[in-house]
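Content type TSV, C-alpha atoms, from the file coords_4.tsv:
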chain	number	residue	atom	x	y	z
A	608	MET	CA	100.47	104.16	133.88
A	609	LYS	CA	103.09	101.97	132.20
A	610	ILE	CA	104.73	102.94	128.90
A	611	VAL	CA	107.07	100.76	126.84
A	612	CYS	CA	109.36	102.75	124.52
A	613	ILE	CA	111.13	100.85	121.73
A	614	GLY	CA	114.03	102.73	120.14
A	615	ASP	CA	116.54	101.76	117.49
A	616	LEU	CA	119.65	102.94	115.66
A	617	LEU	CA	117.95	106.03	114.23
A	618	LEU	CA	115.96	106.98	117.31
A	619	PRO	CA	117.83	105.49	120.29
A	620	PRO	CA	116.13	104.73	123.62
A	621	GLU	CA	118.14	107.61	125.12
A	622	MET	CA	116.29	110.05	122.87
A	623	MET	CA	112.97	108.54	123.93
A	624	GLU	CA	113.98	108.83	127.58
A	625	LYS	CA	114.89	112.48	127.07
A	626	GLY	CA	111.66	113.16	125.21
A	627	ILE	CA	109.45	111.75	127.96
A	628	GLU	CA	110.85	114.13	130.58
A	629	GLY	CA	108.04	116.29	131.90
A	630	PHE	CA	105.27	113.81	131.05
A	631	VAL	CA	104.32	112.82	134.58
A	632	ARG	CA	101.52	110.48	133.56
A	633	TYR	CA	103.89	107.52	133.29
A	634	ASP	CA	104.98	106.11	136.65
A	635	GLU	CA	106.53	103.03	135.04
A	636	LYS	CA	108.77	103.44	132.00
A	637	LYS	CA	110.62	100.74	130.08
A	638	PHE	CA	113.10	101.46	127.28
A	639	PHE	CA	114.39	98.97	124.74
A	640	TYR	CA	116.71	98.90	121.74
A	641	PHE	CA	115.40	97.06	118.69
A	642	GLY	CA	116.96	96.04	115.41
A	643	PRO	CA	120.21	96.41	113.48
A	644	LYS	CA	123.31	98.15	114.81
A	645	SER	CA	124.62	99.52	111.49
A	646	HIS	CA	123.09	101.98	109.04
A	647	GLU	CA	123.56	99.55	106.17
A	648	GLU	CA	121.66	96.80	107.97
A	649	MET	CA	118.98	99.24	109.11
A	650	ARG	CA	118.37	100.39	105.54
A	651	VAL	CA	117.89	96.78	104.44
A	652	TYR	CA	115.54	96.16	107.38
A	653	ILE	CA	113.43	99.24	106.63
A	654	LYS	CA	113.06	98.31	102.96
A	655	ASN	CA	111.96	94.83	103.97
A	656	MET	CA	109.59	96.16	106.63
A	657	GLU	CA	107.98	98.66	104.26
A	658	THR	CA	107.44	95.85	101.76
A	659	THR	CA	106.30	92.99	104.02
A	660	GLY	CA	104.66	94.91	106.86
A	661	SER	CA	104.25	94.22	110.57
A	662	ARG	CA	105.27	90.56	110.35
A	663	CYS	CA	108.67	91.31	108.79
A	664	VAL	CA	110.47	90.02	111.91
A	665	PRO	CA	109.20	88.73	115.28
A	666	VAL	CA	108.98	91.10	118.22
A	667	PRO	CA	111.82	90.12	120.60
A	668	ASP	CA	110.64	88.09	123.59
A	669	LYS	CA	112.01	90.53	126.18
A	670	ILE	CA	109.94	93.32	124.61
A	671	MET	CA	106.81	91.18	124.33
A	672	ARG	CA	107.01	90.33	128.04
A	673	GLU	CA	106.91	94.02	128.99
A	674	ILE	CA	104.26	94.87	126.39
A	675	ARG	CA	101.73	92.45	127.87
A	676	ASP	CA	100.83	94.78	130.77
A	677	ALA	CA	101.70	98.11	129.12
A	678	ASP	CA	99.14	100.92	128.91
A	679	VAL	CA	101.01	102.75	126.14
A	680	ILE	CA	103.55	101.61	123.55
A	681	GLN	CA	105.85	104.04	121.75
A	682	THR	CA	107.73	102.57	118.80
A	683	HIS	CA	109.74	103.67	115.79
A	684	GLN	CA	110.94	100.92	113.47
A	685	CYS	CA	109.99	97.93	115.64
A	686	PRO	CA	107.07	95.98	114.14
A	687	ILE	CA	103.74	95.84	115.98
A	688	PRO	CA	101.87	92.81	114.59
A	689	SER	CA	98.44	91.49	115.58
A	690	GLN	CA	100.06	89.41	118.34
A	691	VAL	CA	100.67	92.60	120.32
A	692	PHE	CA	97.00	93.57	120.29
A	693	GLU	CA	95.96	90.03	121.20
A	694	GLU	CA	98.29	89.76	124.20
A	695	ALA	CA	98.56	93.36	125.51
A	696	GLU	CA	95.37	93.31	127.55
A	697	CYS	CA	95.98	96.68	129.26
A	698	LEU	CA	96.93	98.56	126.10
A	699	LYS	CA	95.16	101.89	125.66
A	700	LEU	CA	97.23	103.65	123.00
A	701	LEU	CA	99.92	102.96	120.41
A	702	LEU	CA	102.32	105.73	119.39
A	703	THR	CA	104.73	105.62	116.47
A	704	ASN	CA	107.43	108.16	115.75
A	705	ARG	CA	107.23	107.39	112.03
A	706	GLY	CA	105.05	109.01	109.42
A	707	GLY	CA	104.35	105.67	107.74
A	708	ILE	CA	102.61	102.85	109.60
A	709	GLU	CA	103.83	99.92	107.51
A	710	ASN	CA	105.29	98.32	110.64
A	711	ILE	CA	101.91	98.35	112.41
A	712	ASP	CA	98.96	96.02	111.84
A	713	LEU	CA	96.41	98.83	111.75
A	714	GLU	CA	93.53	96.47	111.03
A	715	ALA	CA	94.32	94.47	114.17
A	716	ALA	CA	94.68	97.65	116.22
A	717	THR	CA	91.32	98.90	115.01
A	718	LYS	CA	89.66	95.56	115.68
A	719	ALA	CA	91.06	95.66	119.23
A	720	GLY	CA	89.86	99.24	119.69
A	721	ILE	CA	93.36	100.67	120.12
A	722	PRO	CA	93.98	104.19	118.73
A	723	VAL	CA	97.18	104.53	116.70
A	724	ILE	CA	98.86	107.93	116.58
A	725	ALA	CA	101.61	108.47	113.99
A	726	ASN	CA	103.99	111.40	113.61
A	727	PRO	CA	104.48	112.37	109.95
A	728	ALA	CA	105.38	115.89	111.07
A	729	HIS	CA	108.56	114.76	112.86
A	730	ASN	CA	110.76	115.17	109.78
A	731	ALA	CA	108.56	117.55	107.78
A	732	ASN	CA	110.91	120.51	108.11
A	733	ALA	CA	113.97	118.37	107.40
A	734	VAL	CA	112.47	116.94	104.20
A	735	ALA	CA	111.14	120.32	103.13
A	736	GLU	CA	114.55	121.97	103.56
A	737	MET	CA	116.20	119.19	101.55
A	738	THR	CA	113.56	119.56	98.85
A	739	ILE	CA	114.38	123.23	98.43
A	740	GLY	CA	118.08	122.36	98.46
A	741	LEU	CA	117.65	119.81	95.68
A	742	MET	CA	115.63	122.26	93.60
A	743	ILE	CA	118.49	124.74	93.74
A	744	ALA	CA	121.21	122.09	93.40
A	745	GLU	CA	119.66	120.69	90.22
A	746	THR	CA	118.69	123.94	88.55
A	747	ARG	CA	121.99	125.68	89.41
A	748	ASN	CA	124.27	122.65	88.79
A	749	ILE	CA	125.82	122.66	92.27
A	750	GLY	CA	126.42	118.93	92.39
A	751	ARG	CA	127.88	118.81	88.88
A	752	CYS	CA	130.35	121.58	89.64
A	753	HIS	CA	131.45	119.91	92.86
A	754	ALA	CA	131.83	116.46	91.28
A	755	SER	CA	133.84	117.84	88.36
A	756	MET	CA	136.14	119.91	90.54
A	757	GLN	CA	136.59	117.25	93.24
A	758	ALA	CA	137.01	114.17	91.06
A	759	HIS	CA	138.60	115.61	87.94
A	760	HIS	CA	139.91	119.06	88.96
A	761	ARG	CA	137.99	120.32	85.95
A	762	TRP	CA	136.27	123.70	85.70
A	763	LEU	CA	132.82	123.32	84.11
A	764	GLU	CA	131.36	125.83	81.69
A	765	ASN	CA	128.76	123.71	79.87
A	766	PHE	CA	125.77	122.07	81.52
A	767	PRO	CA	122.76	120.01	80.37
A	768	ASN	CA	120.50	122.99	81.14
A	769	PHE	CA	122.75	125.56	79.41
A	770	GLY	CA	120.66	128.59	78.44
A	771	ARG	CA	117.88	127.57	80.85
A	772	ILE	CA	119.53	128.29	84.21
A	773	HIS	CA	116.95	130.38	86.03
A	774	GLU	CA	116.57	131.82	89.49
A	775	MET	CA	113.82	130.39	91.67
A	776	LYS	CA	112.13	133.78	91.75
A	777	GLY	CA	109.26	133.88	89.28
A	778	ARG	CA	109.30	130.13	88.53
A	779	THR	CA	106.16	128.00	88.69
A	780	VAL	CA	106.52	125.16	91.19
A	781	GLY	CA	104.05	122.28	91.24
A	782	ILE	CA	103.58	120.32	94.47
A	783	ILE	CA	102.03	116.85	94.18
A	784	GLY	CA	100.60	115.93	97.57
A	785	PHE	CA	99.70	118.63	100.08
A	786	GLY	CA	100.13	116.93	103.42
A	787	THR	CA	102.41	118.10	106.19
A	788	ILE	CA	105.59	118.04	104.09
A	789	GLY	CA	103.99	119.51	100.98
A	790	ARG	CA	102.61	122.41	103.00
A	791	THR	CA	105.97	123.00	104.68
A	792	VAL	CA	107.64	123.13	101.26
A	793	ALA	CA	105.02	125.65	100.16
A	794	ARG	CA	105.72	127.79	103.23
A	795	LEU	CA	109.46	127.79	102.58
A	796	LEU	CA	108.95	128.53	98.89
A	797	ALA	CA	107.10	131.75	99.75
A	798	ALA	CA	110.49	133.38	100.36
A	799	PHE	CA	111.44	132.71	96.73
A	800	GLN	CA	108.38	134.45	95.27
A	801	VAL	CA	107.34	131.50	93.11
A	802	LYS	CA	103.99	130.74	91.53
A	803	LEU	CA	102.60	127.72	93.41
A	804	LEU	CA	100.42	124.99	91.89
A	805	VAL	CA	99.06	122.13	94.00
A	806	TYR	CA	97.55	118.77	93.13
A	807	ASP	CA	95.95	116.82	95.96
A	808	PRO	CA	92.45	115.39	95.46
A	809	TYR	CA	92.04	114.95	99.23
A	810	VAL	CA	92.63	118.61	100.14
A	811	LYS	CA	90.03	121.36	99.87
A	812	GLU	CA	90.70	124.13	97.38
A	813	ALA	CA	90.31	126.74	100.12
A	814	GLU	CA	93.20	125.18	102.08
A	815	VAL	CA	95.45	125.40	99.03
A	816	GLN	CA	94.46	129.02	98.43
A	817	GLU	CA	95.09	129.88	102.07
A	818	ALA	CA	98.65	128.56	101.63
A	819	GLY	CA	99.15	130.83	98.62
A	820	GLY	CA	98.68	128.13	95.99
A	821	GLU	CA	96.34	127.32	93.13
A	822	ALA	CA	94.58	123.95	93.19
A	823	VAL	CA	94.81	122.26	89.79
A	824	SER	CA	94.56	118.84	88.19
A	825	LEU	CA	97.67	116.69	87.91
A	826	GLU	CA	97.72	117.18	84.13
A	827	GLU	CA	97.57	120.97	84.43
A	828	LEU	CA	100.27	120.98	87.11
A	829	LEU	CA	102.63	118.94	84.94
A	830	LYS	CA	102.04	121.08	81.87
A	831	ARG	CA	102.52	124.44	83.62
A	832	SER	CA	105.26	123.79	86.20
A	833	ASP	CA	108.94	124.64	85.83
A	834	ILE	CA	109.68	122.46	88.86
A	835	VAL	CA	107.56	119.46	89.87
A	836	SER	CA	108.03	118.26	93.46
A	837	MET	CA	106.62	114.93	94.67
A	838	HIS	CA	105.13	114.71	98.18
A	839	ALA	CA	102.28	112.20	97.87
A	840	ARG	CA	101.88	109.18	100.11
A	841	VAL	CA	102.16	105.68	98.66
A	842	SER	CA	98.82	103.95	98.16
A	843	GLU	CA	97.27	101.61	95.64
A	844	THR	CA	96.11	104.62	93.63
A	845	SER	CA	99.34	106.66	93.85
A	846	ARG	CA	101.83	103.86	93.19
A	847	GLY	CA	103.62	104.59	89.90
A	848	MET	CA	101.61	107.78	89.39
A	849	MET	CA	104.57	109.42	87.62
A	850	GLY	CA	105.10	107.34	84.49
A	851	ARG	CA	105.88	107.89	80.83
A	852	GLU	CA	102.59	109.61	80.13
A	853	GLN	CA	103.11	112.05	82.99
A	854	PHE	CA	106.74	112.87	82.15
A	855	ARG	CA	105.67	113.48	78.54
A	856	MET	CA	103.25	116.13	79.83
A	857	MET	CA	106.00	118.14	81.49
A	858	LYS	CA	107.82	121.02	79.82
A	859	GLU	CA	111.13	120.20	78.17
A	860	THR	CA	112.62	122.92	80.38
A	861	ALA	CA	111.18	121.48	83.62
A	862	VAL	CA	112.88	119.52	86.39
A	863	PHE	CA	111.45	116.80	88.63
A	864	ILE	CA	112.19	116.45	92.36
A	865	ASN	CA	111.39	113.39	94.48
A	866	THR	CA	112.00	113.42	98.23
A	867	ALA	CA	108.94	111.22	98.81
A	868	ARG	CA	108.84	107.44	98.27
A	869	SER	CA	110.33	105.69	95.23
A	870	PRO	CA	107.20	103.56	94.45
A	871	LEU	CA	105.44	106.77	93.39
A	872	VAL	CA	107.71	106.99	90.35
A	873	ASP	CA	108.27	104.61	87.43
A	874	MET	CA	112.07	104.85	87.49
A	875	ASP	CA	112.39	103.35	84.01
A	876	ALA	CA	110.16	106.12	82.73
A	877	LEU	CA	112.18	108.76	84.59
A	878	TYR	CA	115.41	107.36	83.15
A	879	GLU	CA	113.93	107.55	79.65
A	880	ALA	CA	112.62	111.06	80.23
A	881	LEU	CA	116.09	112.24	81.29
A	882	LYS	CA	118.01	110.26	78.67
A	883	GLU	CA	115.78	111.45	75.82
A	884	ARG	CA	115.58	114.98	77.23
A	885	TRP	CA	111.80	114.99	77.59
A	886	ILE	CA	112.59	117.07	80.68
A	887	THR	CA	115.71	119.04	81.55
A	888	GLY	CA	116.69	117.37	84.79
A	889	ALA	CA	115.77	115.70	88.06
A	890	ALA	CA	116.94	115.35	91.68
A	891	ILE	CA	116.16	112.13	93.53
A	892	ASP	CA	116.57	111.15	97.18
A	893	ASN	CA	115.21	107.58	97.15
A	894	TYR	CA	115.36	104.58	94.84
A	895	GLU	CA	113.87	101.16	94.16
A	896	VAL	CA	117.06	99.46	95.36
A	897	GLU	CA	119.26	101.08	98.00
A	898	PRO	CA	122.18	101.56	97.83
A	899	VAL	CA	121.88	102.10	94.08
A	900	PRO	CA	123.69	99.24	92.26
A	901	VAL	CA	126.98	100.31	90.67
A	902	ASP	CA	125.74	99.14	87.25
A	903	SER	CA	122.54	101.22	87.42
A	904	PRO	CA	121.83	103.10	84.18
A	905	LEU	CA	121.05	106.15	86.31
A	906	PHE	CA	124.79	106.75	86.61
A	907	GLU	CA	124.96	107.27	82.85
A	908	LEU	CA	122.85	110.41	83.10
A	909	ASP	CA	124.37	113.88	83.18
A	910	ASN	CA	121.13	115.62	84.19
A	911	LEU	CA	120.33	113.85	87.46
A	912	THR	CA	121.30	115.07	90.93
A	913	PHE	CA	121.65	112.21	93.43
A	914	SER	CA	120.97	112.22	97.16
A	915	CYS	CA	121.34	109.15	99.41
A	916	HIS	CA	117.88	108.94	101.04
A	917	LYS	CA	118.86	111.57	103.60
A	918	SER	CA	115.99	114.06	103.37
A	919	GLY	CA	114.61	113.31	106.82
A	920	ASP	CA	117.91	112.42	108.43
A	921	THR	CA	118.63	115.27	110.84
A	922	VAL	CA	119.25	115.31	114.58
A	923	GLU	CA	116.08	117.33	115.18
A	924	ALA	CA	113.86	115.05	113.07
A	925	PHE	CA	114.53	112.18	115.46
A	926	ALA	CA	115.27	113.95	118.75
A	927	ASP	CA	112.12	116.10	118.69
A	928	SER	CA	109.80	113.25	117.73
A	929	PRO	CA	109.16	111.51	121.09
A	930	ALA	CA	107.95	114.69	122.80
A	931	MET	CA	105.82	115.54	119.77
A	932	VAL	CA	103.99	112.22	119.73
A	933	LEU	CA	103.69	112.09	123.54
A	934	GLY	CA	102.10	115.53	123.36
A	935	GLN	CA	99.44	114.09	121.06
A	936	ALA	CA	98.90	111.29	123.56
A	937	GLU	CA	98.15	113.95	126.18
A	938	ARG	CA	95.51	115.38	123.86
A	939	TYR	CA	93.94	111.93	123.55
A	940	PHE	CA	93.87	111.32	127.31
A	941	ALA	CA	92.32	114.78	127.79
A	942	GLY	CA	89.44	113.80	125.52
A	943	GLU	CA	90.62	115.88	122.55
A	944	MET	CA	91.19	114.73	118.99
A	945	PRO	CA	94.92	114.04	118.53
A	946	ARG	CA	96.67	115.02	115.34
A	947	PHE	CA	97.52	112.16	112.95
A	948	LEU	CA	95.17	109.61	114.51
A	949	MET	CA	95.35	106.78	111.98
A	950	ASN	CA	92.12	105.01	112.94
A	951	PRO	CA	89.64	107.60	114.28
A	952	GLU	CA	86.80	105.09	114.04
A	953	VAL	CA	88.02	103.47	117.27
A	954	LEU	CA	87.43	106.51	119.49
A	955	LYS	CA	83.93	105.51	120.55
A	956	GLY	CA	85.03	102.03	121.49
A	957	SER	CA	88.65	102.48	122.65
A	958	ARG	CA	89.67	100.86	125.90

What does the file become when written as structure tokens?
Amino acid sequence: MKIVCIGDLLLPPEMMEKGIEGFVRYDEKKFFYFGPKSHEEMRVYIKNMETTGSRCVPVPDKIMREIRDADVIQTHQCPIPSQVFEEAECLKLLLTNRGGIENIDLEAATKAGIPVIANPAHNANAVAEMTIGLMIAETRNIGRCHASMQAHHRWLENFPNFGRIHEMKGRTVGIIGFGTIGRTVARLLAAFQVKLLVYDPYVKEAEVQEAGGEAVSLEELLKRSDIVSMHARVSETSRGMMGREQFRMMKETAVFINTARSPLVDMDALYEALKERWITGAAIDNYEVEPVPVDSPLFELDNLTFSCHKSGDTVEAFADSPAMVLGQAERYFAGEMPRFLMNPEVLKGSR
């Protein structure tokens, strides 16, 4: 069986080659490097890809030539447009090391009967750890102390949340979106003895209760939580789901954390909520424009902790991914239901 593995700056072909060790199914293996060579250029590419989809850039000819007789394709950031499914006549399975599938024409894959397996769990622990870190950094003013001492050699005594600096223990934390990352955050939060509220209309109440949480409406979560943490996926219904109305529902003493995608949040509304002190503070890892422009009004705020879109950026998040997704491919070839199959309707008619 032939597999074509397409790596990039974030997940190099060498990592894919290491990850495939032990998977004896593949007697022909091809590895390619795709895309930009610098982190700055890669960030621009990813933003463009997530906006424009699988036709953001053409698939390089040398990769297309090898894809045409491949049984399995494993990709990361490389786009997989409809052309691939039209020309890859031997293709049986498409694997992506990403959680999102913006770079894949899922409709074309489904029409061609090709199962698509994603890997949203690859950076779940990394993002969850960063989420907890940002909760503590914002509520305990870690970043503000560091910035003041480093840049100005000034010892801080007064903070925007003066008189409201609490321990995590006993706080009420609201998780919006209870997928892989949301559940991992919940598991890590158990050590802090928090009260856990969860809003996810696609998850059964029993699953939330089993994880130690209480399933509630979005409005109730916002009104009751001391910390609100965003983990929903971007869709037509979730885009901009945190706006002025939602920030107005939150407690004045609450903080907002976003390690998910920026389109989920109306950033103008968040700026207003922080500027006017509707809420006490926020910690953000991703933004509408990256890097954040130097003239952004966000830099005027004294109650916002910044991160540079690094929640999922750990060695393990990338290095462990190929073996994880190839393991799900083994489940598929064994006739079992793989985890994170994006188009299960194709199973009856897959090649």

Polymer residues at most 12 Å from (114.3, 112.8, 77.4) by all atoms listed in the file, as a PyMOL selection string: chain A and resi 767+851+854-862+875-889+908-911

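Interatomic distance, CA of Glu628 in chain A against CA of Lys699 in chain A: 20.5 Å.
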
CA of Phe940 in chain A to CA of Gly626 in chain A, straight-line distance in Å: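 Computed distance, CA of Gly626 in chain A to CA of Phe940 in chain A, equals 18.0 Å.
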
Quick one: everything within 9 Å of Ser928 in chain A, counting only C-alpha atoms, minus sequence neighbours fewer than 6 positions away in the same chain. Send it as a compact mmCIF listing (two decimals) with C-alpha atoms, in the frame of the given file.
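Written output follows (selection.txt):
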# COMPACT_ATOMS: atom_id res chain seq x y z
CA LEU A 618 115.96 106.98 117.31
CA MET A 622 116.29 110.05 122.87
CA MET A 623 112.97 108.54 123.93
CA GLY A 626 111.66 113.16 125.21
CA ASN A 704 107.43 108.16 115.75
CA ARG A 705 107.23 107.39 112.03
CA ASN A 726 103.99 111.40 113.61
CA ALA A 728 105.38 115.89 111.07
CA HIS A 729 108.56 114.76 112.86
CA ASN A 730 110.76 115.17 109.78

If we count all atoms listed in the file, what is near Phe785 in chain A at a cut-off of 10 Å, once residues fewer than 6 positions away on the same chain are taken out, given as a tab-separated table (two decimals) with C-alpha atoms, in the frame of the given file?
chain	number	residue	atom	x	y	z
A	791	THR	CA	105.97	123.00	104.68
A	792	VAL	CA	107.64	123.13	101.26
A	793	ALA	CA	105.02	125.65	100.16
A	805	VAL	CA	99.06	122.13	94.00
A	806	TYR	CA	97.55	118.77	93.13
A	807	ASP	CA	95.95	116.82	95.96
A	808	PRO	CA	92.45	115.39	95.46
A	809	TYR	CA	92.04	114.95	99.23
A	810	VAL	CA	92.63	118.61	100.14
A	814	GLU	CA	93.20	125.18	102.08
A	815	VAL	CA	95.45	125.40	99.03
A	837	MET	CA	106.62	114.93	94.67
A	838	HIS	CA	105.13	114.71	98.18
A	839	ALA	CA	102.28	112.20	97.87
A	840	ARG	CA	101.88	109.18	100.11

Point-to-point distance from CA of Ser869 in chain A to CA of Tyr894 in chain A, Å rounded to tenths: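 These two atoms are separated by 5.2 Å.
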
Shell of 6 Å around range 680-697 of chain A, all atoms listed in the file, local chain residues under 4 positions omitted, as number ranges by chain: A: 610-613, 661-662, 674-676, 701-705, 710-712, 715

Among listed residues A:Glu657, A:Asp615, A:Glu897, A:Asp873, nearest Pro643 in chain A (using all atoms listed in the file):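 Checking each candidate against Pro643 in chain A, we get A:Asp615 as the closest.
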
Non-local contacts of Ala890 in chain A (9 Å; only C-alpha atoms; under 4 positions in same chain excluded) as JSON, numbers by chain: {"A": [738, 741, 742, 744, 745, 862, 863, 864, 865, 866, 910, 911, 912, 913, 914]}

Spatial neighbours of range 770-775 of chain A, 7 Å, all atoms listed in the file, chain gap at least 5 places, as an MDAnalysis selection string: chainID A and resid 746:747 799 801

Produce the centre coordinates and the three edge lengths, each in Å to one decimal, of the box along x, y and z that contains all listed atoms of range 639-643 of chain A with 4 Å added on each side, as lines of an AutoDock Vina configuration file.
center_x = 117.3
center_y = 97.5
center_z = 119.1
size_x = 13.8
size_y = 10.9
size_z = 19.3

Exercise: residues within 12 Å of coordinate (98.6, 116.3, 83.2), counting only C-alpha atoms, as a list in words: Gly781, Ile783, Tyr806, Val823, Ser824, Leu825, Glu826, Glu827, Leu828, Leu829, Lys830, Arg831, Ser832, Val835, Met848, Met849, Gly850, Arg851, Glu852, Gln853, Phe854, Arg855, Met856, Met857 and Lys858 of chain A

Using all atoms listed in the file: which of A:Ser903, A:Arg846, A:Gly629, A:Cys752 has the shortest distance to Arg868 in chain A: A:Arg846
